[in-house]
>>> print(open('input-v4.tsv').read())   # TSV, N, CA and C atoms
chain	number	residue	atom	x	y	z
A	1	MET	N	-8.37	-14.40	-3.93
A	1	MET	CA	-8.33	-14.23	-2.49
A	1	MET	C	-8.69	-15.55	-1.85
A	2	SER	N	-8.01	-15.89	-0.77
A	2	SER	CA	-8.27	-17.17	-0.12
A	2	SER	C	-9.63	-17.17	0.56
A	3	LYS	N	-10.30	-18.31	0.51
A	3	LYS	CA	-11.65	-18.41	1.06
A	3	LYS	C	-11.65	-18.44	2.58
A	4	GLU	N	-10.58	-18.97	3.20
A	4	GLU	CA	-10.56	-19.06	4.66
A	4	GLU	C	-10.27	-17.72	5.35
A	5	PHE	N	-9.78	-16.74	4.62
A	5	PHE	CA	-9.46	-15.43	5.19
A	5	PHE	C	-10.68	-14.54	5.11
A	6	LYS	N	-11.37	-14.35	6.24
A	6	LYS	CA	-12.59	-13.57	6.20
A	6	LYS	C	-12.78	-12.83	7.53
A	7	LEU	N	-12.35	-11.59	7.57
A	7	LEU	CA	-12.57	-10.75	8.74
A	7	LEU	C	-13.81	-9.89	8.57
A	8	THR	N	-14.27	-9.79	7.35
A	8	THR	CA	-15.39	-8.92	7.03
A	8	THR	C	-16.17	-9.51	5.86
A	9	GLU	N	-17.42	-9.16	5.77
A	9	GLU	CA	-18.23	-9.56	4.63
A	9	GLU	C	-17.98	-8.67	3.42
A	10	ASP	N	-17.37	-7.51	3.65
A	10	ASP	CA	-17.10	-6.56	2.58
A	10	ASP	C	-15.91	-7.06	1.75
A	11	LYS	N	-16.17	-7.44	0.51
A	11	LYS	CA	-15.13	-8.01	-0.34
A	11	LYS	C	-14.00	-7.02	-0.62
A	12	LEU	N	-14.34	-5.74	-0.76
A	12	LEU	CA	-13.29	-4.74	-1.01
A	12	LEU	C	-12.36	-4.61	0.18
A	13	VAL	N	-12.94	-4.54	1.37
A	13	VAL	CA	-12.13	-4.42	2.58
A	13	VAL	C	-11.29	-5.69	2.77
A	14	ALA	N	-11.89	-6.85	2.57
A	14	ALA	CA	-11.17	-8.11	2.71
A	14	ALA	C	-9.99	-8.17	1.74
A	15	SER	N	-10.19	-7.68	0.53
A	15	SER	CA	-9.12	-7.67	-0.46
A	15	SER	C	-7.97	-6.76	-0.01
A	16	ILE	N	-8.30	-5.61	0.54
A	16	ILE	CA	-7.28	-4.68	1.02
A	16	ILE	C	-6.50	-5.31	2.17
A	17	ILE	N	-7.20	-5.96	3.09
A	17	ILE	CA	-6.54	-6.59	4.23
A	17	ILE	C	-5.60	-7.69	3.75
A	18	GLU	N	-6.06	-8.50	2.82
A	18	GLU	CA	-5.21	-9.58	2.32
A	18	GLU	C	-3.98	-9.02	1.61
A	19	ARG	N	-4.16	-7.98	0.80
A	19	ARG	CA	-3.02	-7.37	0.11
A	19	ARG	C	-2.03	-6.76	1.09
A	20	ALA	N	-2.53	-6.16	2.17
A	20	ALA	CA	-1.65	-5.60	3.20
A	20	ALA	C	-0.84	-6.72	3.86
A	21	ASN	N	-1.48	-7.85	4.10
A	21	ASN	CA	-0.80	-8.99	4.70
A	21	ASN	C	0.30	-9.52	3.78
A	22	ILE	N	-0.01	-9.63	2.50
A	22	ILE	CA	0.99	-10.09	1.54
A	22	ILE	C	2.16	-9.12	1.48
A	23	ARG	N	1.84	-7.83	1.48
A	23	ARG	CA	2.90	-6.81	1.43
A	23	ARG	C	3.77	-6.84	2.69
A	24	ALA	N	3.14	-7.03	3.85
A	24	ALA	CA	3.89	-7.10	5.10
A	24	ALA	C	4.83	-8.29	5.10
A	25	ASN	N	4.37	-9.42	4.61
A	25	ASN	CA	5.22	-10.60	4.55
A	25	ASN	C	6.38	-10.41	3.58
A	26	ALA	N	6.12	-9.78	2.45
A	26	ALA	CA	7.18	-9.49	1.48
A	26	ALA	C	8.20	-8.53	2.09
A	27	GLY	N	7.71	-7.52	2.81
A	27	GLY	CA	8.62	-6.59	3.48
A	27	GLY	C	9.50	-7.28	4.50
A	28	PHE	N	8.92	-8.21	5.23
A	28	PHE	CA	9.71	-8.96	6.21
A	28	PHE	C	10.81	-9.76	5.51
A	29	LEU	N	10.47	-10.39	4.39
A	29	LEU	CA	11.48	-11.15	3.65
A	29	LEU	C	12.58	-10.24	3.11
A	30	THR	N	12.20	-9.04	2.68
A	30	THR	CA	13.18	-8.11	2.12
A	30	THR	C	14.06	-7.48	3.20
A	31	TYR	N	13.42	-7.01	4.30
A	31	TYR	CA	14.13	-6.22	5.29
A	31	TYR	C	14.45	-6.97	6.57
A	32	GLY	N	13.85	-8.14	6.77
A	32	GLY	CA	14.14	-8.93	7.96
A	32	GLY	C	13.52	-8.40	9.24
A	33	ASP	N	12.60	-7.47	9.12
A	33	ASP	CA	11.93	-6.86	10.26
A	33	ASP	C	10.47	-6.66	9.94
A	34	THR	N	9.66	-6.63	10.99
A	34	THR	CA	8.28	-6.20	10.82
A	34	THR	C	8.23	-4.69	11.01
A	35	MET	N	7.14	-4.07	10.61
A	35	MET	CA	6.99	-2.63	10.87
A	35	MET	C	7.01	-2.36	12.37
A	36	GLU	N	6.45	-3.28	13.14
A	36	GLU	CA	6.43	-3.11	14.59
A	36	GLU	C	7.84	-3.06	15.16
A	37	ASP	N	8.75	-3.84	14.59
A	37	ASP	CA	10.12	-3.91	15.10
A	37	ASP	C	11.08	-2.92	14.44
A	38	ALA	N	10.65	-2.33	13.33
A	38	ALA	CA	11.53	-1.42	12.59
A	38	ALA	C	11.80	-0.16	13.41
A	39	THR	N	13.04	0.28	13.34
A	39	THR	CA	13.42	1.49	14.06
A	39	THR	C	14.17	2.43	13.12
A	40	LYS	N	13.86	3.69	13.26
A	40	LYS	CA	14.57	4.76	12.57
A	40	LYS	C	14.10	6.07	13.18
A	41	PRO	N	14.83	7.14	12.94
A	41	PRO	CA	14.41	8.43	13.49
A	41	PRO	C	13.03	8.85	13.01
A	42	THR	N	12.30	9.56	13.85
A	42	THR	CA	10.95	10.00	13.53
A	42	THR	C	10.90	10.78	12.23
A	43	LYS	N	11.86	11.65	12.00
A	43	LYS	CA	11.87	12.43	10.75
A	43	LYS	C	11.98	11.53	9.53
A	44	ASP	N	12.68	10.42	9.64
A	44	ASP	CA	12.78	9.48	8.52
A	44	ASP	C	11.43	8.84	8.22
A	45	TRP	N	10.65	8.52	9.28
A	45	TRP	CA	9.31	7.98	9.06
A	45	TRP	C	8.44	8.99	8.34
A	46	ILE	N	8.56	10.26	8.73
A	46	ILE	CA	7.78	11.31	8.08
A	46	ILE	C	8.19	11.45	6.62
A	47	THR	N	9.49	11.44	6.35
A	47	THR	CA	9.97	11.55	4.98
A	47	THR	C	9.47	10.37	4.14
A	48	ASP	N	9.54	9.17	4.69
A	48	ASP	CA	9.04	8.00	3.96
A	48	ASP	C	7.56	8.16	3.61
A	49	ALA	N	6.77	8.62	4.57
A	49	ALA	CA	5.34	8.81	4.33
A	49	ALA	C	5.11	9.87	3.26
A	50	GLN	N	5.87	10.97	3.31
A	50	GLN	CA	5.74	12.02	2.30
A	50	GLN	C	6.06	11.47	0.91
A	51	GLU	N	7.11	10.69	0.80
A	51	GLU	CA	7.49	10.14	-0.50
A	51	GLU	C	6.42	9.20	-1.03
A	52	GLU	N	5.83	8.40	-0.16
A	52	GLU	CA	4.74	7.51	-0.59
A	52	GLU	C	3.54	8.33	-1.08
A	53	LEU	N	3.22	9.41	-0.37
A	53	LEU	CA	2.09	10.25	-0.77
A	53	LEU	C	2.38	11.00	-2.06
A	54	TRP	N	3.61	11.42	-2.25
A	54	TRP	CA	3.95	12.07	-3.52
A	54	TRP	C	3.76	11.11	-4.68
A	55	ASP	N	4.18	9.86	-4.49
A	55	ASP	CA	3.96	8.86	-5.53
A	55	ASP	C	2.47	8.71	-5.80
A	56	ALA	N	1.66	8.66	-4.75
A	56	ALA	CA	0.22	8.51	-4.92
A	56	ALA	C	-0.36	9.69	-5.72
A	57	ILE	N	0.12	10.89	-5.45
A	57	ILE	CA	-0.35	12.07	-6.18
A	57	ILE	C	0.00	11.95	-7.66
A	58	VAL	N	1.20	11.48	-7.96
A	58	VAL	CA	1.61	11.30	-9.36
A	58	VAL	C	0.71	10.27	-10.04
A	59	TYR	N	0.43	9.16	-9.35
A	59	TYR	CA	-0.45	8.13	-9.92
A	59	TYR	C	-1.84	8.70	-10.19
A	60	LEU	N	-2.37	9.48	-9.25
A	60	LEU	CA	-3.69	10.07	-9.44
A	60	LEU	C	-3.69	11.06	-10.60
A	61	GLU	N	-2.63	11.82	-10.73
A	61	GLU	CA	-2.54	12.78	-11.84
A	61	GLU	C	-2.51	12.03	-13.18
A	62	LYS	N	-1.77	10.93	-13.22
A	62	LYS	CA	-1.74	10.11	-14.44
A	62	LYS	C	-3.14	9.59	-14.77
A	63	LEU	N	-3.85	9.11	-13.77
A	63	LEU	CA	-5.21	8.63	-13.99
A	63	LEU	C	-6.12	9.74	-14.51
A	64	LYS	N	-5.96	10.96	-14.00
A	64	LYS	CA	-6.75	12.08	-14.49
A	64	LYS	C	-6.49	12.32	-15.97
A	65	THR	N	-5.22	12.22	-16.38
A	65	THR	CA	-4.93	12.43	-17.81
A	65	THR	C	-5.55	11.31	-18.65
A	66	LEU	N	-5.59	10.10	-18.13
A	66	LEU	CA	-6.19	9.00	-18.87
A	66	LEU	C	-7.71	9.18	-18.97
A	67	ILE	N	-8.33	9.67	-17.91
A	67	ILE	CA	-9.78	9.90	-17.93
A	67	ILE	C	-10.13	10.99	-18.93
A	68	ASN	N	-9.28	12.01	-19.02
A	68	ASN	CA	-9.55	13.12	-19.92
A	68	ASN	C	-9.15	12.85	-21.35
A	69	ASP	N	-8.41	11.77	-21.61
A	69	ASP	CA	-7.97	11.42	-22.95
A	69	ASP	C	-9.02	10.52	-23.60
A	70	PRO	N	-9.67	10.99	-24.66
A	70	PRO	CA	-10.74	10.19	-25.28
A	70	PRO	C	-10.22	8.90	-25.91
A	71	ASP	N	-8.92	8.75	-26.11
A	71	ASP	CA	-8.36	7.54	-26.71
A	71	ASP	C	-8.09	6.43	-25.69
A	72	THR	N	-8.35	6.69	-24.41
A	72	THR	CA	-8.10	5.65	-23.39
A	72	THR	C	-9.38	5.18	-22.77
>>> encode(input="input-v4.tsv", output="structure tokens")
Amino acid sequence: MSKEFKLTEDKLVASIIERANIRANAGFLTYGDTMEDATKPTKDWITDAQEELWDAIVYLEKLKTLINDPDT
């Protein structure tokens, strides 16, 4: 993490902010728009959020299986 980027003393929060910034810049390079400028129907935004949350649930379920597996 860059030393000059410091909005908070909390290292975890600072790391999340920096990662969000990197992701936003990558998204701009990929899609040519910022989230602020992006437009699509409201239902599409909801669907996108649902799909992201479903992925998160799958990742969490995988982690639960790893925690319960004595070989990991």
>>> select_by_dssp(input="input-v4.tsv", residues="chain A", states="helix (DSSP H, G or I)", output="NGL selection string")
:A and (11-31 or 42-68)
>>> atom_distance(input="input-v4.tsv", atom1="atom C of A:Asn21", atom2="atom CA of A:Pro41")
24.8 Å
>>> atom_distance(input="input-v4.tsv", atom1="atom CA of A:Lys64", atom2="atom CA of A:Ala24")
29.4 Å
>>> atom_distance(input="input-v4.tsv", atom1="atom C of A:Arg19", atom2="atom N of A:Leu7")
13.1 Å
>>> decode(input="input-v4.tsv", residues="stretch 17-61 of chain A", atoms="N, CA and C atoms", output="PDB file, in the first residue's frame")
ATOM      1  N   ILE A  17      -9.952   0.870   1.040  1.00  0.00           N
ATOM      2  CA  ILE A  17     -10.117   2.081   0.235  1.00  0.00           C
ATOM      3  C   ILE A  17      -9.170   2.045  -0.962  1.00  0.00           C
ATOM      4  N   GLU A  18      -7.933   1.671  -0.722  1.00  0.00           N
ATOM      5  CA  GLU A  18      -6.971   1.627  -1.819  1.00  0.00           C
ATOM      6  C   GLU A  18      -7.373   0.584  -2.860  1.00  0.00           C
ATOM      7  N   ARG A  19      -7.822  -0.587  -2.411  1.00  0.00           N
ATOM      8  CA  ARG A  19      -8.259  -1.626  -3.349  1.00  0.00           C
ATOM      9  C   ARG A  19      -9.473  -1.174  -4.150  1.00  0.00           C
ATOM     10  N   ALA A  20     -10.393  -0.444  -3.514  1.00  0.00           N
ATOM     11  CA  ALA A  20     -11.560   0.077  -4.228  1.00  0.00           C
ATOM     12  C   ALA A  20     -11.121   1.071  -5.297  1.00  0.00           C
ATOM     13  N   ASN A  21     -10.136   1.888  -4.977  1.00  0.00           N
ATOM     14  CA  ASN A  21      -9.626   2.859  -5.939  1.00  0.00           C
ATOM     15  C   ASN A  21      -8.979   2.157  -7.134  1.00  0.00           C
ATOM     16  N   ILE A  22      -8.192   1.130  -6.859  1.00  0.00           N
ATOM     17  CA  ILE A  22      -7.560   0.370  -7.936  1.00  0.00           C
ATOM     18  C   ILE A  22      -8.622  -0.284  -8.813  1.00  0.00           C
ATOM     19  N   ARG A  23      -9.635  -0.848  -8.169  1.00  0.00           N
ATOM     20  CA  ARG A  23     -10.715  -1.500  -8.923  1.00  0.00           C
ATOM     21  C   ARG A  23     -11.490  -0.504  -9.773  1.00  0.00           C
ATOM     22  N   ALA A  24     -11.752   0.682  -9.222  1.00  0.00           N
ATOM     23  CA  ALA A  24     -12.474   1.712  -9.968  1.00  0.00           C
ATOM     24  C   ALA A  24     -11.677   2.143 -11.195  1.00  0.00           C
ATOM     25  N   ASN A  25     -10.380   2.302 -11.036  1.00  0.00           N
ATOM     26  CA  ASN A  25      -9.542   2.691 -12.169  1.00  0.00           C
ATOM     27  C   ASN A  25      -9.502   1.601 -13.234  1.00  0.00           C
ATOM     28  N   ALA A  26      -9.427   0.353 -12.807  1.00  0.00           N
ATOM     29  CA  ALA A  26      -9.442  -0.767 -13.751  1.00  0.00           C
ATOM     30  C   ALA A  26     -10.779  -0.819 -14.493  1.00  0.00           C
ATOM     31  N   GLY A  27     -11.866  -0.592 -13.759  1.00  0.00           N
ATOM     32  CA  GLY A  27     -13.186  -0.566 -14.395  1.00  0.00           C
ATOM     33  C   GLY A  27     -13.299   0.534 -15.433  1.00  0.00           C
ATOM     34  N   PHE A  28     -12.733   1.692 -15.123  1.00  0.00           N
ATOM     35  CA  PHE A  28     -12.751   2.790 -16.082  1.00  0.00           C
ATOM     36  C   PHE A  28     -11.992   2.410 -17.344  1.00  0.00           C
ATOM     37  N   LEU A  29     -10.832   1.771 -17.184  1.00  0.00           N
ATOM     38  CA  LEU A  29     -10.061   1.348 -18.349  1.00  0.00           C
ATOM     39  C   LEU A  29     -10.814   0.303 -19.174  1.00  0.00           C
ATOM     40  N   THR A  30     -11.537  -0.579 -18.494  1.00  0.00           N
ATOM     41  CA  THR A  30     -12.272  -1.632 -19.190  1.00  0.00           C
ATOM     42  C   THR A  30     -13.529  -1.106 -19.874  1.00  0.00           C
ATOM     43  N   TYR A  31     -14.316  -0.279 -19.143  1.00  0.00           N
ATOM     44  CA  TYR A  31     -15.627   0.127 -19.630  1.00  0.00           C
ATOM     45  C   TYR A  31     -15.681   1.559 -20.141  1.00  0.00           C
ATOM     46  N   GLY A  32     -14.654   2.352 -19.866  1.00  0.00           N
ATOM     47  CA  GLY A  32     -14.629   3.728 -20.356  1.00  0.00           C
ATOM     48  C   GLY A  32     -15.553   4.679 -19.625  1.00  0.00           C
ATOM     49  N   ASP A  33     -16.072   4.261 -18.501  1.00  0.00           N
ATOM     50  CA  ASP A  33     -16.993   5.064 -17.696  1.00  0.00           C
ATOM     51  C   ASP A  33     -16.678   4.881 -16.227  1.00  0.00           C
ATOM     52  N   THR A  34     -17.031   5.886 -15.446  1.00  0.00           N
ATOM     53  CA  THR A  34     -16.994   5.720 -13.998  1.00  0.00           C
ATOM     54  C   THR A  34     -18.351   5.192 -13.562  1.00  0.00           C
ATOM     55  N   MET A  35     -18.440   4.696 -12.339  1.00  0.00           N
ATOM     56  CA  MET A  35     -19.746   4.266 -11.827  1.00  0.00           C
ATOM     57  C   MET A  35     -20.700   5.448 -11.779  1.00  0.00           C
ATOM     58  N   GLU A  36     -20.178   6.624 -11.483  1.00  0.00           N
ATOM     59  CA  GLU A  36     -21.015   7.823 -11.428  1.00  0.00           C
ATOM     60  C   GLU A  36     -21.658   8.110 -12.782  1.00  0.00           C
ATOM     61  N   ASP A  37     -20.924   7.851 -13.862  1.00  0.00           N
ATOM     62  CA  ASP A  37     -21.427   8.157 -15.204  1.00  0.00           C
ATOM     63  C   ASP A  37     -22.152   6.993 -15.862  1.00  0.00           C
ATOM     64  N   ALA A  38     -22.015   5.798 -15.296  1.00  0.00           N
ATOM     65  CA  ALA A  38     -22.629   4.617 -15.900  1.00  0.00           C
ATOM     66  C   ALA A  38     -24.149   4.708 -15.839  1.00  0.00           C
ATOM     67  N   THR A  39     -24.767   4.282 -16.912  1.00  0.00           N
ATOM     68  CA  THR A  39     -26.232   4.294 -16.970  1.00  0.00           C
ATOM     69  C   THR A  39     -26.735   2.933 -17.440  1.00  0.00           C
ATOM     70  N   LYS A  40     -27.797   2.503 -16.813  1.00  0.00           N
ATOM     71  CA  LYS A  40     -28.528   1.310 -17.222  1.00  0.00           C
ATOM     72  C   LYS A  40     -29.828   1.293 -16.430  1.00  0.00           C
ATOM     73  N   PRO A  41     -30.775   0.486 -16.846  1.00  0.00           N
ATOM     74  CA  PRO A  41     -32.041   0.427 -16.115  1.00  0.00           C
ATOM     75  C   PRO A  41     -31.847  -0.012 -14.664  1.00  0.00           C
ATOM     76  N   THR A  42     -32.686   0.488 -13.780  1.00  0.00           N
ATOM     77  CA  THR A  42     -32.604   0.180 -12.356  1.00  0.00           C
ATOM     78  C   THR A  42     -32.613  -1.317 -12.100  1.00  0.00           C
ATOM     79  N   LYS A  43     -33.462  -2.055 -12.805  1.00  0.00           N
ATOM     80  CA  LYS A  43     -33.516  -3.506 -12.600  1.00  0.00           C
ATOM     81  C   LYS A  43     -32.189  -4.173 -12.939  1.00  0.00           C
ATOM     82  N   ASP A  44     -31.462  -3.645 -13.904  1.00  0.00           N
ATOM     83  CA  ASP A  44     -30.150  -4.204 -14.242  1.00  0.00           C
ATOM     84  C   ASP A  44     -29.153  -3.986 -13.106  1.00  0.00           C
ATOM     85  N   TRP A  45     -29.221  -2.813 -12.439  1.00  0.00           N
ATOM     86  CA  TRP A  45     -28.355  -2.568 -11.284  1.00  0.00           C
ATOM     87  C   TRP A  45     -28.665  -3.566 -10.174  1.00  0.00           C
ATOM     88  N   ILE A  46     -29.948  -3.829  -9.964  1.00  0.00           N
ATOM     89  CA  ILE A  46     -30.349  -4.789  -8.934  1.00  0.00           C
ATOM     90  C   ILE A  46     -29.846  -6.184  -9.280  1.00  0.00           C
ATOM     91  N   THR A  47     -30.008  -6.584 -10.537  1.00  0.00           N
ATOM     92  CA  THR A  47     -29.538  -7.897 -10.974  1.00  0.00           C
ATOM     93  C   THR A  47     -28.029  -8.019 -10.793  1.00  0.00           C
ATOM     94  N   ASP A  48     -27.298  -6.981 -11.168  1.00  0.00           N
ATOM     95  CA  ASP A  48     -25.838  -7.010 -10.993  1.00  0.00           C
ATOM     96  C   ASP A  48     -25.471  -7.190  -9.522  1.00  0.00           C
ATOM     97  N   ALA A  49     -26.143  -6.466  -8.644  1.00  0.00           N
ATOM     98  CA  ALA A  49     -25.864  -6.580  -7.207  1.00  0.00           C
ATOM     99  C   ALA A  49     -26.193  -7.981  -6.703  1.00  0.00           C
ATOM    100  N   GLN A  50     -27.318  -8.545  -7.153  1.00  0.00           N
ATOM    101  CA  GLN A  50     -27.681  -9.906  -6.754  1.00  0.00           C
ATOM    102  C   GLN A  50     -26.618 -10.905  -7.193  1.00  0.00           C
ATOM    103  N   GLU A  51     -26.143 -10.776  -8.414  1.00  0.00           N
ATOM    104  CA  GLU A  51     -25.140 -11.705  -8.918  1.00  0.00           C
ATOM    105  C   GLU A  51     -23.844 -11.594  -8.128  1.00  0.00           C
ATOM    106  N   GLU A  52     -23.448 -10.377  -7.767  1.00  0.00           N
ATOM    107  CA  GLU A  52     -22.247 -10.199  -6.945  1.00  0.00           C
ATOM    108  C   GLU A  52     -22.429 -10.849  -5.575  1.00  0.00           C
ATOM    109  N   LEU A  53     -23.614 -10.691  -4.989  1.00  0.00           N
ATOM    110  CA  LEU A  53     -23.877 -11.284  -3.678  1.00  0.00           C
ATOM    111  C   LEU A  53     -23.948 -12.802  -3.750  1.00  0.00           C
ATOM    112  N   TRP A  54     -24.486 -13.330  -4.832  1.00  0.00           N
ATOM    113  CA  TRP A  54     -24.506 -14.784  -4.981  1.00  0.00           C
ATOM    114  C   TRP A  54     -23.080 -15.324  -5.042  1.00  0.00           C
ATOM    115  N   ASP A  55     -22.218 -14.633  -5.778  1.00  0.00           N
ATOM    116  CA  ASP A  55     -20.814 -15.045  -5.817  1.00  0.00           C
ATOM    117  C   ASP A  55     -20.216 -15.018  -4.419  1.00  0.00           C
ATOM    118  N   ALA A  56     -20.504 -13.974  -3.659  1.00  0.00           N
ATOM    119  CA  ALA A  56     -19.971 -13.863  -2.298  1.00  0.00           C
ATOM    120  C   ALA A  56     -20.446 -15.029  -1.430  1.00  0.00           C
ATOM    121  N   ILE A  57     -21.703 -15.419  -1.580  1.00  0.00           N
ATOM    122  CA  ILE A  57     -22.237 -16.545  -0.814  1.00  0.00           C
ATOM    123  C   ILE A  57     -21.497 -17.835  -1.178  1.00  0.00           C
ATOM    124  N   VAL A  58     -21.228 -18.035  -2.458  1.00  0.00           N
ATOM    125  CA  VAL A  58     -20.490 -19.228  -2.891  1.00  0.00           C
ATOM    126  C   VAL A  58     -19.082 -19.220  -2.295  1.00  0.00           C
ATOM    127  N   TYR A  59     -18.420 -18.063  -2.313  1.00  0.00           N
ATOM    128  CA  TYR A  59     -17.074 -17.966  -1.732  1.00  0.00           C
ATOM    129  C   TYR A  59     -17.109 -18.290  -0.237  1.00  0.00           C
ATOM    130  N   LEU A  60     -18.100 -17.762   0.467  1.00  0.00           N
ATOM    131  CA  LEU A  60     -18.214 -18.035   1.901  1.00  0.00           C
ATOM    132  C   LEU A  60     -18.484 -19.508   2.167  1.00  0.00           C
ATOM    133  N   GLU A  61     -19.307 -20.117   1.344  1.00  0.00           N
ATOM    134  CA  GLU A  61     -19.593 -21.542   1.513  1.00  0.00           C
ATOM    135  C   GLU A  61     -18.323 -22.367   1.294  1.00  0.00           C
TER     136      GLU A  61
END
